[in-house]
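Trainee: I am sharing final.cif, which consists of mmCIF, C-alpha atoms and all ligand atoms:
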```
data_final
#
loop_
_atom_site.label_atom_id
_atom_site.label_comp_id
_atom_site.auth_asym_id
_atom_site.auth_seq_id
_atom_site.Cartn_x
_atom_site.Cartn_y
_atom_site.Cartn_z
CA MET Z 1 106.90 60.22 93.94
CA ASP Z 2 106.97 56.85 92.21
CA LEU Z 3 104.72 54.18 93.70
CA THR Z 4 105.22 51.69 90.88
CA LEU Z 5 105.86 48.24 92.32
CA ASP Z 6 109.05 46.49 91.28
CA ALA Z 7 109.16 42.74 90.62
CA THR Z 8 110.15 41.89 94.22
CA GLN Z 9 107.32 43.98 95.63
CA ALA Z 10 104.80 42.50 93.21
CA ASP Z 11 105.95 39.02 94.23
CA LEU Z 12 105.63 39.87 97.93
CA ARG Z 13 102.12 41.20 97.39
CA GLU Z 14 101.20 38.02 95.52
CA ARG Z 15 102.53 35.78 98.32
CA ALA Z 16 100.53 37.79 100.86
CA ARG Z 17 97.46 37.55 98.63
CA VAL Z 18 97.82 33.79 98.38
CA TYR Z 19 98.24 33.49 102.16
CA ALA Z 20 95.21 35.70 102.88
CA ARG Z 21 92.91 34.18 100.27
CA ASP Z 22 93.94 30.52 100.19
CA VAL Z 23 95.31 29.91 103.69
CA LEU Z 24 93.44 32.23 106.10
CA GLN Z 25 90.04 32.98 104.53
CA PRO Z 26 88.92 29.31 104.42
CA HIS Z 27 89.07 29.28 108.27
CA GLU Z 28 87.05 32.46 108.85
CA ALA Z 29 83.59 30.90 109.18
CA GLU Z 30 84.73 28.05 111.44
CA PHE Z 31 86.65 30.54 113.60
CA GLU Z 32 83.56 32.72 114.03
CA ARG Z 33 81.28 29.74 114.73
CA ASN Z 34 83.69 28.47 117.39
CA GLY Z 35 83.71 31.82 119.19
CA GLY Z 36 87.23 32.76 118.15
CA THR Z 37 89.18 29.54 118.35
CA LEU Z 38 90.74 27.09 115.91
CA PRO Z 39 92.21 23.66 116.60
CA ALA Z 40 95.85 23.79 117.76
CA GLU Z 41 96.85 21.75 114.71
CA THR Z 42 95.27 24.34 112.38
CA ILE Z 43 97.09 27.19 114.11
CA ARG Z 44 100.40 25.32 113.76
CA GLU Z 45 99.65 24.90 110.06
CA LEU Z 46 98.82 28.64 109.63
CA LYS Z 47 102.18 29.50 111.22
CA ARG Z 48 104.02 26.95 109.13
CA ARG Z 49 102.56 28.25 105.87
CA ALA Z 50 103.41 31.86 106.82
CA ILE Z 51 107.05 30.86 107.39
CA GLU Z 52 107.06 28.84 104.17
CA LEU Z 53 105.90 31.94 102.27
CA ASP Z 54 108.49 34.16 104.05
CA LEU Z 55 105.82 36.34 105.60
CA HIS Z 56 107.08 36.08 109.20
CA GLY Z 57 108.88 38.89 111.01
CA GLY Z 58 108.24 41.16 108.04
CA SER Z 59 108.91 44.54 109.59
CA LEU Z 60 112.03 43.52 111.51
CA PRO Z 61 115.42 44.18 109.94
CA VAL Z 62 117.26 41.29 108.31
CA GLU Z 63 120.06 41.59 110.94
CA ALA Z 64 117.42 40.86 113.60
CA GLY Z 65 116.20 37.79 111.70
CA GLY Z 66 113.27 39.53 110.01
CA GLN Z 67 112.43 40.12 106.35
CA GLY Z 68 113.55 43.75 106.36
CA TRP Z 69 110.54 44.99 104.41
CA SER Z 70 110.37 48.67 103.61
CA ALA Z 71 107.35 50.59 104.94
CA LEU Z 72 105.75 50.35 101.49
CA GLU Z 73 106.29 46.60 101.43
CA GLN Z 74 104.69 46.27 104.88
CA VAL Z 75 101.72 48.22 103.57
CA LEU Z 76 101.42 45.94 100.52
CA VAL Z 77 101.27 42.90 102.81
CA HIS Z 78 98.80 44.44 105.26
CA GLU Z 79 96.51 45.43 102.38
CA GLN Z 80 96.14 41.71 101.73
CA LEU Z 81 95.84 40.71 105.40
CA GLY Z 82 93.04 43.24 105.82
CA GLN Z 83 90.93 41.14 103.44
CA VAL Z 84 90.63 38.51 106.16
CA THR Z 85 88.15 38.59 109.05
CA GLY Z 86 88.84 37.40 112.59
CA GLY Z 87 92.28 39.02 112.69
CA LEU Z 88 93.66 35.63 111.68
CA TRP Z 89 96.86 37.29 110.47
CA SER Z 90 97.87 37.44 114.15
CA PHE Z 91 98.97 33.85 113.81
CA ILE Z 92 101.80 34.90 111.48
CA PRO Z 93 105.00 34.56 113.53
CA GLY Z 94 106.55 37.93 114.23
CA ALA Z 95 107.51 40.43 116.86
CA TYR Z 96 107.00 44.10 117.70
CA ASN Z 97 109.65 46.28 116.09
CA ALA Z 98 110.88 47.28 119.58
CA LEU Z 99 112.42 43.80 119.75
CA ALA Z 100 114.96 44.90 117.16
CA ALA Z 101 116.65 46.48 120.20
CA CYS Z 102 117.09 43.09 121.90
CA SER Z 103 120.45 42.26 123.51
CA PRO Z 104 121.99 38.96 122.33
CA GLU Z 105 120.48 37.18 125.36
CA GLN Z 106 117.04 38.74 124.77
CA ARG Z 107 117.29 37.73 121.14
CA ARG Z 108 117.76 34.09 122.05
CA ARG Z 109 115.04 34.19 124.67
CA TYR Z 110 112.33 36.29 122.98
CA LEU Z 111 112.99 37.37 119.42
CA GLU Z 112 114.23 34.17 117.79
CA PRO Z 113 111.48 31.93 119.26
CA SER Z 114 108.90 34.59 118.23
CA LEU Z 115 110.09 34.44 114.64
CA ARG Z 116 109.90 30.64 114.73
CA GLY Z 117 106.30 30.89 115.98
CA GLU Z 118 107.16 29.32 119.35
CA ARG Z 119 106.60 32.39 121.53
CA THR Z 120 104.37 35.47 121.24
CA GLY Z 121 104.70 38.85 122.91
CA SER Z 122 102.27 41.65 123.74
CA TYR Z 123 102.84 45.39 124.19
CA ALA Z 124 101.41 46.66 127.48
CA ILE Z 125 101.04 50.44 127.50
CA THR Z 126 97.42 51.31 128.33
CA GLU Z 127 96.28 51.39 131.96
CA PRO Z 128 92.85 51.77 133.56
CA GLY Z 129 93.55 55.46 134.26
CA GLN Z 130 95.87 56.24 131.33
CA GLY Z 131 94.72 55.70 127.75
CA SER Z 132 95.06 58.36 125.06
CA ASP Z 133 97.44 60.30 127.27
CA ALA Z 134 100.11 57.59 127.31
CA ARG Z 135 102.82 59.96 128.56
CA THR Z 136 101.40 59.90 132.09
CA LEU Z 137 101.55 56.16 132.81
CA ALA Z 138 101.31 55.14 136.47
CA ALA Z 139 103.26 51.84 136.13
CA THR Z 140 106.68 52.02 137.78
CA ALA Z 141 110.05 50.32 138.06
CA VAL Z 142 112.33 50.90 141.03
CA GLU Z 143 115.81 49.46 141.43
CA ASP Z 144 116.44 47.43 144.60
CA PRO Z 145 120.03 48.44 145.44
CA SER Z 146 120.63 45.28 147.49
CA THR Z 147 120.01 42.89 144.58
CA ARG Z 148 120.34 45.27 141.58
CA GLU Z 149 116.96 43.92 140.46
CA TYR Z 150 114.13 46.12 139.25
CA VAL Z 151 110.79 45.90 141.02
CA LEU Z 152 107.83 46.43 138.67
CA ASN Z 153 104.33 47.49 139.65
CA GLY Z 154 101.34 48.48 137.56
CA GLU Z 155 98.03 47.53 136.01
CA LYS Z 156 97.72 47.09 132.26
CA TRP Z 157 94.57 46.79 130.15
CA PHE Z 158 93.92 45.62 126.57
CA VAL Z 159 97.14 43.57 126.53
CA THR Z 160 96.67 42.19 123.04
CA GLY Z 161 97.88 38.86 121.70
CA PRO Z 162 96.69 35.38 120.74
CA SER Z 163 95.81 33.11 123.68
CA ASP Z 164 99.27 31.50 123.70
CA THR Z 165 101.01 34.86 124.28
CA ASP Z 166 103.59 34.36 127.01
CA PHE Z 167 105.54 37.60 127.49
CA MET Z 168 104.90 41.31 127.42
CA ILE Z 169 106.76 44.50 126.67
CA PHE Z 170 105.92 46.42 129.85
CA HIS Z 171 105.97 50.21 129.37
CA CYS Z 172 106.53 52.01 132.66
CA HIS Z 173 108.43 54.81 134.35
CA LEU Z 174 111.71 53.99 136.02
CA LEU Z 175 111.91 56.11 139.15
CA GLU Z 176 115.52 57.22 139.47
CA GLY Z 177 117.09 60.25 141.14
CA GLY Z 178 113.72 62.02 141.44
CA GLU Z 179 113.06 61.50 137.71
CA ARG Z 180 110.47 59.38 135.86
CA LYS Z 181 112.30 57.73 132.96
CA PRO Z 182 110.05 55.97 130.43
CA THR Z 183 111.48 52.47 130.04
CA LEU Z 184 110.48 49.14 128.47
CA PHE Z 185 110.93 45.80 130.25
CA LEU Z 186 110.49 42.29 128.87
CA VAL Z 187 108.36 40.35 131.34
CA ASP Z 188 107.33 36.69 131.14
CA TYR Z 189 103.72 36.01 132.01
CA ASP Z 190 104.82 33.29 134.45
CA GLU Z 191 107.03 35.60 136.57
CA PRO Z 192 105.90 35.64 140.22
CA GLY Z 193 103.69 38.70 140.77
CA VAL Z 194 102.26 38.77 137.23
CA GLU Z 195 98.53 38.09 137.38
CA MET Z 196 95.98 38.05 134.58
CA THR Z 197 93.06 39.67 136.35
CA GLY Z 198 90.55 39.59 133.51
CA ASP Z 199 90.05 38.37 129.94
CA PRO Z 200 86.93 40.21 128.74
CA ASP Z 201 85.09 39.62 125.47
CA TYR Z 202 84.97 42.45 122.92
CA THR Z 203 82.80 43.46 119.98
CA HIS Z 204 84.93 41.53 117.52
CA THR Z 205 85.68 37.80 117.41
CA PHE Z 206 89.42 37.95 116.98
CA ALA Z 207 92.49 35.74 117.04
CA ASP Z 208 93.83 38.16 119.63
CA ARG Z 209 92.55 38.37 123.17
CA HIS Z 210 92.91 41.62 125.12
CA PRO Z 211 93.32 40.65 128.79
CA GLN Z 212 94.09 42.77 131.82
CA PHE Z 213 97.16 42.26 134.00
CA THR Z 214 98.36 43.39 137.39
CA LEU Z 215 102.08 43.36 138.16
CA THR Z 216 102.77 43.38 141.89
CA ASP Z 217 106.41 43.63 143.02
CA VAL Z 218 107.63 41.68 139.99
CA ARG Z 219 111.41 41.34 140.25
CA VAL Z 220 113.43 41.31 137.04
CA PRO Z 221 117.17 41.71 136.38
CA ALA Z 222 118.64 44.67 134.51
CA THR Z 223 118.91 42.39 131.49
CA ALA Z 224 115.09 42.63 131.18
CA ILE Z 225 115.35 46.26 130.05
CA LEU Z 226 114.56 46.51 126.33
CA GLY Z 227 116.62 49.23 124.64
CA ALA Z 228 117.92 51.99 126.87
CA ILE Z 229 116.55 53.54 130.06
CA GLY Z 230 114.46 56.61 129.17
CA GLU Z 231 113.85 55.47 125.58
CA ALA Z 232 110.39 53.93 125.94
CA ASP Z 233 108.34 56.86 124.65
CA ALA Z 234 110.45 57.12 121.50
CA MET Z 235 110.35 53.35 120.88
CA THR Z 236 106.60 53.13 121.49
CA ASN Z 237 105.99 56.14 119.27
CA GLN Z 238 107.87 54.44 116.45
CA TRP Z 239 105.58 51.45 116.88
CA PHE Z 240 102.48 53.67 116.81
CA VAL Z 241 103.52 55.26 113.50
CA GLU Z 242 104.31 51.90 111.91
CA GLU Z 243 101.10 50.29 113.16
CA ARG Z 244 99.00 53.25 112.03
CA LEU Z 245 100.25 52.57 108.51
CA HIS Z 246 99.41 48.88 108.93
CA ILE Z 247 95.89 49.81 110.06
CA GLY Z 248 95.46 52.14 107.09
CA ALA Z 249 96.54 49.31 104.80
CA ARG Z 250 94.34 46.67 106.43
CA CYS Z 251 91.32 49.00 106.28
CA THR Z 252 92.04 49.50 102.57
CA GLY Z 253 92.15 45.74 102.06
CA ALA Z 254 88.93 45.29 104.01
CA MET Z 255 87.21 47.80 101.71
CA GLU Z 256 88.46 45.95 98.64
CA ARG Z 257 87.04 42.65 99.90
CA LEU Z 258 83.77 44.26 101.00
CA LEU Z 259 83.32 45.85 97.58
CA THR Z 260 84.17 42.62 95.77
CA LEU Z 261 81.57 40.73 97.79
CA ALA Z 262 78.98 43.50 97.41
CA VAL Z 263 79.33 43.80 93.63
CA GLU Z 264 79.16 40.02 93.24
CA TRP Z 265 76.05 39.84 95.39
CA ALA Z 266 74.23 42.90 94.03
CA THR Z 267 74.75 41.92 90.39
CA GLY Z 268 73.22 38.50 91.09
CA ARG Z 269 70.38 39.40 93.46
CA ILE Z 270 67.04 40.02 91.73
CA GLN Z 271 64.25 42.06 93.35
CA PHE Z 272 61.32 43.75 91.59
CA GLY Z 273 62.36 41.81 88.49
CA GLN Z 274 65.82 43.31 88.13
CA ARG Z 275 69.32 43.22 89.60
CA ILE Z 276 69.50 45.27 92.77
CA TYR Z 277 72.80 46.66 91.40
CA ASP Z 278 70.70 48.51 88.82
CA PHE Z 279 69.04 50.52 91.59
CA GLN Z 280 71.18 53.57 92.21
CA GLY Z 281 70.19 53.36 95.88
CA VAL Z 282 72.33 50.22 95.93
CA SER Z 283 75.16 51.01 93.50
CA PHE Z 284 75.90 54.64 94.45
CA PRO Z 285 76.96 53.83 98.04
CA LEU Z 286 79.31 51.25 96.51
CA ALA Z 287 80.69 53.88 94.14
CA ASP Z 288 81.29 56.17 97.13
CA SER Z 289 83.05 53.30 98.89
CA ALA Z 290 85.25 52.71 95.84
CA ALA Z 291 86.35 56.35 96.02
CA ASP Z 292 87.05 55.89 99.76
CA ALA Z 293 89.05 52.71 99.15
CA ALA Z 294 91.13 54.22 96.37
CA ALA Z 295 91.89 57.34 98.43
CA ALA Z 296 92.78 55.27 101.52
CA ARG Z 297 95.17 53.13 99.49
CA LEU Z 298 96.95 56.16 98.05
CA LEU Z 299 97.20 57.97 101.38
CA THR Z 300 98.64 54.92 103.10
CA ARG Z 301 101.12 54.05 100.38
CA GLU Z 302 102.15 57.69 100.11
CA ALA Z 303 102.79 57.94 103.87
CA ALA Z 304 104.85 54.73 103.67
CA TRP Z 305 106.81 56.16 100.75
CA HIS Z 306 107.68 59.24 102.83
CA MET Z 307 108.84 56.97 105.63
CA ASP Z 308 111.04 55.04 103.21
CA GLN Z 309 112.55 58.32 101.97
CA HIS Z 310 113.52 59.11 105.58
CA ALA Z 311 111.42 62.27 105.52
CA ASP Z 312 111.17 64.36 108.70
CA PRO Z 313 109.78 61.86 111.28
CA LYS Z 314 107.23 64.43 112.50
CA VAL Z 315 105.89 64.81 108.97
CA VAL Z 316 105.78 61.03 108.52
CA HIS Z 317 103.95 60.81 111.86
CA ALA Z 318 101.34 63.31 110.66
CA ARG Z 319 100.92 61.58 107.30
CA ALA Z 320 100.50 58.21 109.02
CA SER Z 321 97.81 59.81 111.17
CA VAL Z 322 96.07 61.19 108.07
CA ALA Z 323 96.13 57.72 106.52
CA LYS Z 324 94.90 55.94 109.65
CA LEU Z 325 92.18 58.52 110.33
CA PHE Z 326 90.85 58.48 106.78
CA ALA Z 327 91.15 54.75 106.13
CA SER Z 328 89.59 53.63 109.43
CA GLU Z 329 86.66 56.04 109.20
CA ALA Z 330 86.15 55.15 105.51
CA ALA Z 331 86.31 51.39 106.11
CA TYR Z 332 83.64 51.58 108.77
CA ARG Z 333 81.40 53.62 106.43
CA CYS Z 334 82.05 51.07 103.70
CA ALA Z 335 81.19 48.10 105.95
CA ASP Z 336 77.95 49.79 107.00
CA ARG Z 337 76.98 50.42 103.38
CA VAL Z 338 77.83 46.87 102.33
CA VAL Z 339 75.80 45.39 105.19
CA GLN Z 340 72.86 47.43 103.86
CA VAL Z 341 73.41 46.08 100.34
CA PHE Z 342 73.32 42.51 101.69
CA GLY Z 343 70.00 43.21 103.45
CA GLY Z 344 69.16 40.62 106.14
CA ARG Z 345 72.16 38.52 105.14
CA GLY Z 346 74.36 41.46 106.07
CA TYR Z 347 73.30 40.90 109.67
CA MET Z 348 74.30 37.22 109.70
CA ARG Z 349 77.65 36.32 111.21
CA GLU Z 350 78.34 33.79 108.49
CA PHE Z 351 78.63 36.66 106.00
CA ALA Z 352 81.93 38.55 105.95
CA ALA Z 353 80.17 41.93 105.78
CA GLU Z 354 78.64 41.42 109.22
CA ARG Z 355 82.00 40.43 110.69
CA PHE Z 356 83.79 43.39 109.10
CA LEU Z 357 81.22 45.81 110.54
CA ARG Z 358 82.06 44.62 114.05
CA GLU Z 359 85.77 44.23 113.45
CA LEU Z 360 86.51 47.53 111.73
CA ARG Z 361 85.06 49.56 114.59
CA VAL Z 362 88.18 49.18 116.71
CA ASP Z 363 90.40 50.67 114.02
CA ARG Z 364 88.91 54.04 114.97
CA ILE Z 365 89.98 53.44 118.59
CA TRP Z 366 93.27 51.54 118.95
CA GLU Z 367 96.73 52.90 118.25
CA GLY Z 368 95.27 56.32 118.99
CA THR Z 369 91.61 57.18 118.53
CA SER Z 370 90.40 59.22 115.58
CA GLU Z 371 90.36 62.25 117.89
CA ILE Z 372 94.02 61.70 118.78
CA GLN Z 373 94.92 61.40 115.07
CA ARG Z 374 93.16 64.75 114.51
CA MET Z 375 95.25 66.25 117.34
CA VAL Z 376 98.48 64.97 115.74
CA ILE Z 377 97.44 66.30 112.34
CA ALA Z 378 96.28 69.69 113.64
CA ARG Z 379 99.55 70.14 115.55
CA ALA Z 380 101.57 69.26 112.45
CA LEU Z 381 99.59 71.65 110.26
CA GLU Z 382 100.64 74.47 112.55
CA LYS Z 383 104.21 73.40 113.34
CA ARG Z 384 105.39 71.68 110.13
CA GLY Z 385 103.26 73.60 107.64
CA VAL Z 386 100.19 72.62 105.63
CA ASP Z 387 102.20 71.93 102.47
CA ARG Z 388 104.36 69.30 104.21
CA VAL Z 389 101.35 67.45 105.61
CA VAL Z 390 99.12 67.46 102.55
CA GLY Z 391 101.42 68.53 99.71
C1 LIG U 1 90.60 45.73 121.19
C2 LIG U 1 91.62 46.66 121.74
C3 LIG U 1 92.97 46.27 121.73
C4 LIG U 1 93.93 47.10 122.29
N1 LIG U 1 95.23 46.69 122.34
C5 LIG U 1 96.14 47.39 123.07
C6 LIG U 1 97.45 46.88 123.28
O1 LIG U 1 97.84 45.82 122.76
N2 LIG U 1 98.28 47.58 124.09
C7 LIG U 1 97.91 48.75 124.66
O2 LIG U 1 98.71 49.32 125.38
N3 LIG U 1 96.68 49.28 124.45
C8 LIG U 1 95.78 48.63 123.69
N4 LIG U 1 94.52 49.12 123.48
C9 LIG U 1 94.15 50.38 124.11
C10 LIG U 1 93.87 51.51 123.12
O3 LIG U 1 95.06 51.96 122.55
C11 LIG U 1 93.10 52.58 123.88
O4 LIG U 1 91.81 52.07 124.14
C12 LIG U 1 93.02 53.89 123.14
O5 LIG U 1 94.27 54.48 123.01
C13 LIG U 1 92.08 54.87 123.85
O6 LIG U 1 92.36 54.94 125.21
P1 LIG U 1 91.18 54.76 126.27
O7 LIG U 1 90.43 53.54 125.93
O8 LIG U 1 91.74 54.83 127.64
O9 LIG U 1 90.21 55.98 126.05
P2 LIG U 1 90.39 57.47 126.62
O10 LIG U 1 91.77 57.94 126.42
O11 LIG U 1 89.82 57.54 127.99
O12 LIG U 1 89.45 58.28 125.62
C14 LIG U 1 88.03 58.25 125.72
C15 LIG U 1 87.46 59.15 124.65
O13 LIG U 1 87.94 60.49 124.86
C16 LIG U 1 88.55 60.96 123.66
N5 LIG U 1 89.65 61.85 123.99
C17 LIG U 1 90.67 61.63 124.86
N6 LIG U 1 91.52 62.67 124.86
C18 LIG U 1 91.05 63.55 123.95
C19 LIG U 1 91.48 64.82 123.48
N7 LIG U 1 92.58 65.39 123.93
N8 LIG U 1 90.73 65.45 122.53
C20 LIG U 1 89.59 64.87 122.06
N9 LIG U 1 89.14 63.67 122.46
C21 LIG U 1 89.86 63.02 123.39
C22 LIG U 1 89.04 59.70 122.94
O14 LIG U 1 89.20 59.94 121.57
C23 LIG U 1 87.90 58.74 123.24
O15 LIG U 1 86.85 58.97 122.33
C24 LIG U 1 93.55 48.34 122.87
C25 LIG U 1 92.20 48.73 122.84
C26 LIG U 1 91.25 47.89 122.30
C27 LIG U 1 89.80 48.32 122.32
#
```
Just give me the structure of the file as structure tokens.
Mentor:
Amino acid sequence: MDLTLDATQADLRERARVYARDVLQPHEAEFERNGGTLPAETIRELKRRAIELDLHGGSLPVEAGGQGWSALEQVLVHEQLGQVTGGLWSFIPGAYNALAACSPEQRRRYLEPSLRGERTGSYAITEPGQGSDARTLAATAVEDPSTREYVLNGEKWFVTGPSDTDFMIFHCHLLEGGERKPTLFLVDYDEPGVEMTGDPDYTHTFADRHPQFTLTDVRVPATAILGAIGEADAMTNQWFVEERLHIGARCTGAMERLLTLAVEWATGRIQFGQRIYDFQGVSFPLADSAADAAAARLLTREAAWHMDQHADPKVVHARASVAKLFASEAAYRCADRVVQVFGGRGYMREFAAERFLRELRVDRIWEGTSEIQRMVIARALEKRGVDRVVG
């Protein structure tokens, strides 16, 4: 395995670094102070700069209007984005990879405006009764034979996207011939019957909101089906694997920033007449975090490399789970240690360490909890073989 970056990859990483450090980070404190909002003009500027730096639509193929990044290239970018608090990277124009399956009409209506930063979509899978077990969703679609329309019903929770999000990918079961066929539909938020029933606050202060929706007898044409009937589980699973790699990468980036801030602080802070960095009680937890960060980076890049080599998808799935499990658990440990190193300042929202401690918690929950990652890994150890998962 060769993980050496070529010139194009190094350039991409540098552009992402510039965007994270020079464009996004300066807005973190204001964003937190304002309870998770930025002026509309600032958001437009963040989108414009992302497009200018060719960071929009990164994971979508070039034919679909994206940048066509390899999995490793996506990881390189997300390592940089993870160094930003507030999830401000959500303002980068883009679209879920499922939109690569858009028909020409769907492309014009959803994908192209998303890549221009004019529209934003969410991915609605989770329901009040169905979370980790996403194969048993209650949401349904039924065809009305008189109009050939599909009638959608269901309740969706944690429907993530910035506040201007205006359409969702609705994951449901199409009831047909006594069968339940997992199918994705593209649904505009302003369709009659779509109601946002709640917009709760969460532990983090994030660019994304996570509202709840009820769809009651929402009528959509057959052209609203994304991909093919019965394909939703496979398409959503592909998203889970990709996003687990992104999470692993962002957690790695978060650890790098946390360590940078902690070393800078601890080597300057004097207590008992000496630098607190010279107390092993302070520096050893940082050394442990450095080992965590380095391991997380390798695991994530290695899983991406396997994906790029078109390895057995089940093995890639397991390796992505290993990376997400390790990196998310490690990043939370790291944030906790760094908060301790900052002392009282670590508990102040104006310090990045405090924000990371709140924000990194969800990485152990979304896109499959740590327990679900362990299930995926344990199953792969038995079915694919230990050597293919860890070798
Ligand atoms: C901020 C945020 C944003 C989100 N964004 C989205 C989104 O955009 N779209 C979307 O569809 N969903 C989204 N989610 C939902 C997220 O994916 C789920 O919360 C997650 O999958 C867990 O499901 P659940 O909350 O229903 O918990 P449950 O599935 O009820 O699990 C509760 C607990 O039981 C454990 N558990 C469950 N089954 C097992 C098992 N077999 N073995 C061991 N332990 C088990 C879990 O690990 C967890 O600790 C988001 C969630 C959050 C918090």
Trainee: Quick check, in Å to one decimal: how far apart do CA of Ile372 in chain Z and atom O12 of ligand LIG 1 (chain U) lie?
Mentor: 8.9 Å
Trainee: Set out as JSON lines a contact list for chain Z and ligand LIG 1 (chain U) with a cut-off of 7 Å, giving each residue of chain Z that qualifies its closest atom pair and distance in Å to one decimal, counting all atoms listed in the file, ordered by chain and rising residue number.
Mentor:
```
{"residue": "Z:Ser122", "atom": "CA", "partner": "U:LIG1", "partner_atom": "O1", "distance": 6.2}
{"residue": "Z:Tyr123", "atom": "CA", "partner": "U:LIG1", "partner_atom": "N2", "distance": 5.1}
{"residue": "Z:Ala124", "atom": "CA", "partner": "U:LIG1", "partner_atom": "O2", "distance": 4.3}
{"residue": "Z:Ile125", "atom": "CA", "partner": "U:LIG1", "partner_atom": "O2", "distance": 3.3}
{"residue": "Z:Thr126", "atom": "CA", "partner": "U:LIG1", "partner_atom": "O2", "distance": 3.8}
{"residue": "Z:Pro128", "atom": "CA", "partner": "U:LIG1", "partner_atom": "O8", "distance": 6.8}
{"residue": "Z:Gly129", "atom": "CA", "partner": "U:LIG1", "partner_atom": "O8", "distance": 6.9}
{"residue": "Z:Gln130", "atom": "CA", "partner": "U:LIG1", "partner_atom": "O8", "distance": 5.7}
{"residue": "Z:Gly131", "atom": "CA", "partner": "U:LIG1", "partner_atom": "O8", "distance": 3.1}
{"residue": "Z:Ser132", "atom": "CA", "partner": "U:LIG1", "partner_atom": "O10", "distance": 3.6}
{"residue": "Z:Asp133", "atom": "CA", "partner": "U:LIG1", "partner_atom": "O10", "distance": 6.2}
{"residue": "Z:Trp157", "atom": "CA", "partner": "U:LIG1", "partner_atom": "N3", "distance": 6.6}
{"residue": "Z:Phe158", "atom": "CA", "partner": "U:LIG1", "partner_atom": "C5", "distance": 4.5}
{"residue": "Z:Val159", "atom": "CA", "partner": "U:LIG1", "partner_atom": "O1", "distance": 4.4}
{"residue": "Z:Thr160", "atom": "CA", "partner": "U:LIG1", "partner_atom": "O1", "distance": 3.8}
{"residue": "Z:Tyr202", "atom": "CA", "partner": "U:LIG1", "partner_atom": "C1", "distance": 6.7}
{"residue": "Z:His210", "atom": "CA", "partner": "U:LIG1", "partner_atom": "C3", "distance": 5.8}
{"residue": "Z:Val362", "atom": "CA", "partner": "U:LIG1", "partner_atom": "C27", "distance": 5.9}
{"residue": "Z:Ile365", "atom": "CA", "partner": "U:LIG1", "partner_atom": "C12", "distance": 5.5}
{"residue": "Z:Trp366", "atom": "CA", "partner": "U:LIG1", "partner_atom": "O3", "distance": 4.0}
{"residue": "Z:Glu367", "atom": "CA", "partner": "U:LIG1", "partner_atom": "O3", "distance": 4.7}
{"residue": "Z:Gly368", "atom": "CA", "partner": "U:LIG1", "partner_atom": "O5", "distance": 4.5}
{"residue": "Z:Thr369", "atom": "CA", "partner": "U:LIG1", "partner_atom": "O14", "distance": 4.8}
{"residue": "Z:Ser370", "atom": "CA", "partner": "U:LIG1", "partner_atom": "O14", "distance": 6.2}
{"residue": "Z:Glu371", "atom": "CA", "partner": "U:LIG1", "partner_atom": "O14", "distance": 4.5}
{"residue": "Z:Ile372", "atom": "CA", "partner": "U:LIG1", "partner_atom": "O14", "distance": 5.8}
{"residue": "Z:Met375", "atom": "CA", "partner": "U:LIG1", "partner_atom": "N8", "distance": 6.9}
```
Trainee: Could you tell me how far CA of Leu99 in chain Z sits from CA of Tyr189 in chain Z, in Å to one decimal place?
Mentor: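 These two atoms are separated by 16.9 Å.
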Trainee: Enter the distance from CA of Ala29 in chain Z to CA of Ala352 in chain Z, in Å, rounded to one decimal.
Mentor: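 Going from CA of Ala29 in chain Z over to CA of Ala352 in chain Z, I get 8.5 Å.
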Trainee: Please determine, counting all atoms listed in the file, which residue among Z:Ile51, Z:Trp305, Z:Ala378, Z:Ala20 has the shortest atom-to-atom distance to Leu5 in chain Z.
Mentor: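 That would be Z:Trp305, the residue with the smallest distance to Leu5 in chain Z.
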Trainee: Where atoms are absent from range 133-138 of chain Z, fill them in so it carries N, CA, C and O atoms, then output it as a PDB file, keeping the file's coordinate frame.
Mentor:
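File written: rebuild.pdb
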```pdb
ATOM      1  N   ASP Z 133      96.315  59.535 126.744  1.00  0.00           N
ATOM      2  CA  ASP Z 133      97.440  60.300 127.270  1.00  0.00           C
ATOM      3  C   ASP Z 133      98.484  59.324 127.814  1.00  0.00           C
ATOM      4  O   ASP Z 133      98.637  59.153 129.020  1.00  0.00           O
ATOM      5  N   ALA Z 134      99.207  58.677 126.908  1.00  0.00           N
ATOM      6  CA  ALA Z 134     100.110  57.590 127.310  1.00  0.00           C
ATOM      7  C   ALA Z 134     101.426  58.098 127.898  1.00  0.00           C
ATOM      8  O   ALA Z 134     102.286  57.305 128.261  1.00  0.00           O
ATOM      9  N   ARG Z 135     101.582  59.422 127.966  1.00  0.00           N
ATOM     10  CA  ARG Z 135     102.820  59.960 128.560  1.00  0.00           C
ATOM     11  C   ARG Z 135     102.745  60.015 130.087  1.00  0.00           C
ATOM     12  O   ARG Z 135     103.707  60.345 130.741  1.00  0.00           O
ATOM     13  N   THR Z 136     101.572  59.730 130.638  1.00  0.00           N
ATOM     14  CA  THR Z 136     101.400  59.900 132.090  1.00  0.00           C
ATOM     15  C   THR Z 136     101.144  58.556 132.776  1.00  0.00           C
ATOM     16  O   THR Z 136     100.378  58.473 133.728  1.00  0.00           O
ATOM     17  N   LEU Z 137     101.796  57.498 132.271  1.00  0.00           N
ATOM     18  CA  LEU Z 137     101.550  56.160 132.810  1.00  0.00           C
ATOM     19  C   LEU Z 137     101.879  56.094 134.301  1.00  0.00           C
ATOM     20  O   LEU Z 137     102.823  56.729 134.772  1.00  0.00           O
ATOM     21  N   ALA Z 138     101.097  55.274 135.023  1.00  0.00           N
ATOM     22  CA  ALA Z 138     101.310  55.140 136.470  1.00  0.00           C
ATOM     23  C   ALA Z 138     102.255  53.980 136.789  1.00  0.00           C
ATOM     24  O   ALA Z 138     102.823  53.936 137.882  1.00  0.00           O
TER      25      ALA Z 138
END
```
